[in-house]
Structures are given as structure tokens and as C-alpha cells.
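Single-structure report; data block below.
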Amino acid sequence: MGSIEFALKLLDEAGVACSPGRGFGEEGENFLRLAIVENSQRLRQAVRQIDRCLKTEPTTTGS
């Protein structure tokens, strides 16, 4: 899954917005950019939502 697809997954399934690394050039493909601009309670909530989202994603290997 590329950074664009992963960013969309986080938005759709976790309700957390981030910027796909691909938007910062080809070398950014394996990265995401998160803006840490909320209060600590909202940040903890976002981390929990991301955690739940990732736990539902089956682990895959290869391409």
C-alpha cells in the first residue's frame, strides 16, 4: 500500500488526516506527515484511532 492509499485509509477508517509522503517527492513514498497541533487529549484520541485502524489491517509481505 502506497503512502497516498494509506493516508486515505487513515482518514476514512480512523478519522485522522495526514499528508502522504509521496506529496513531498518520490523519496517520501514510505512516509506520512502528521501535524501535531491539537491538545494532548485529542492527540491521544488520534493515536488510539490509528492503533485500532492498524490492528484491523492484515499483515502482508511482498508486493
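In the C-alpha cells, each chain is lettered A, B, ... as it comes, each chain's residues begin at 1, and ligands are numbered from 1 in order of appearance.
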
**Q.** Test item: residues at most 7 Å from stretch 28-44 of chain A, only C-alpha atoms, excluding those fewer than 5 positions along its chain, as an MDAnalysis selection string
**A.** chainID A and resid 2:3 18:22

Quick one: write out the picked residues with C-alpha atoms as a CSV table (one decimal), in the first residue's frame?
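Contents of result-v1.csv, freshly written:
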```csv
chain,number,residue,atom,x,y,z
A,2,GLY,CA,1.4,3.4,-1.0
A,3,SER,CA,1.5,6.5,1.1
A,18,CYS,CA,-2.3,13.3,7.4
A,19,SER,CA,-0.2,14.1,4.3
A,20,PRO,CA,1.1,11.2,2.2
A,21,GLY,CA,4.9,11.3,1.9
A,22,ARG,CA,4.6,11.0,-1.9
```

**Q.** Filtered DSSP result for chain A, state alpha helix (DSSP H), as a ChimeraX atom specification
**A.** /A:3-9,40-56

With only C-alpha atoms as the counted atoms, please give the residues lying no more than 12 Å from A:Lys9, apart from itself and same-chain residues fewer than 4 positions off, as an mmCIF file with C-alpha atoms, in the first residue's frame.
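Listed below is the output, part.cif:
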```cif
data_model
loop_
_atom_site.group_PDB
_atom_site.id
_atom_site.type_symbol
_atom_site.label_atom_id
_atom_site.label_comp_id
_atom_site.auth_asym_id
_atom_site.auth_seq_id
_atom_site.Cartn_x
_atom_site.Cartn_y
_atom_site.Cartn_z
ATOM 1 C CA MET A 1 0.000 0.000 0.000
ATOM 2 C CA GLY A 2 1.430 3.354 -1.014
ATOM 3 C CA SER A 3 1.516 6.458 1.133
ATOM 4 C CA ILE A 4 -1.462 8.015 -0.668
ATOM 5 C CA GLU A 5 -3.635 4.933 -0.141
ATOM 6 C CA GLU A 13 -11.227 4.429 8.873
ATOM 7 C CA ALA A 14 -9.587 6.318 11.751
ATOM 8 C CA GLY A 15 -10.783 9.851 11.075
ATOM 9 C CA VAL A 16 -7.198 11.117 11.214
ATOM 10 C CA ALA A 17 -5.878 13.399 8.486
ATOM 11 C CA CYS A 18 -2.257 13.267 7.384
ATOM 12 C CA SER A 19 -0.216 14.111 4.312
ATOM 13 C CA PRO A 20 1.124 11.234 2.215
ATOM 14 C CA GLN A 49 -7.918 5.590 16.485
ATOM 15 C CA ILE A 50 -4.807 4.931 14.383
ATOM 16 C CA CYS A 53 -7.192 1.024 12.335
ATOM 17 C CA LEU A 54 -3.795 -0.673 12.087
ATOM 18 C CA THR A 56 -7.674 -4.356 11.599
ATOM 19 C CA GLU A 57 -5.195 -4.355 8.697
#
```
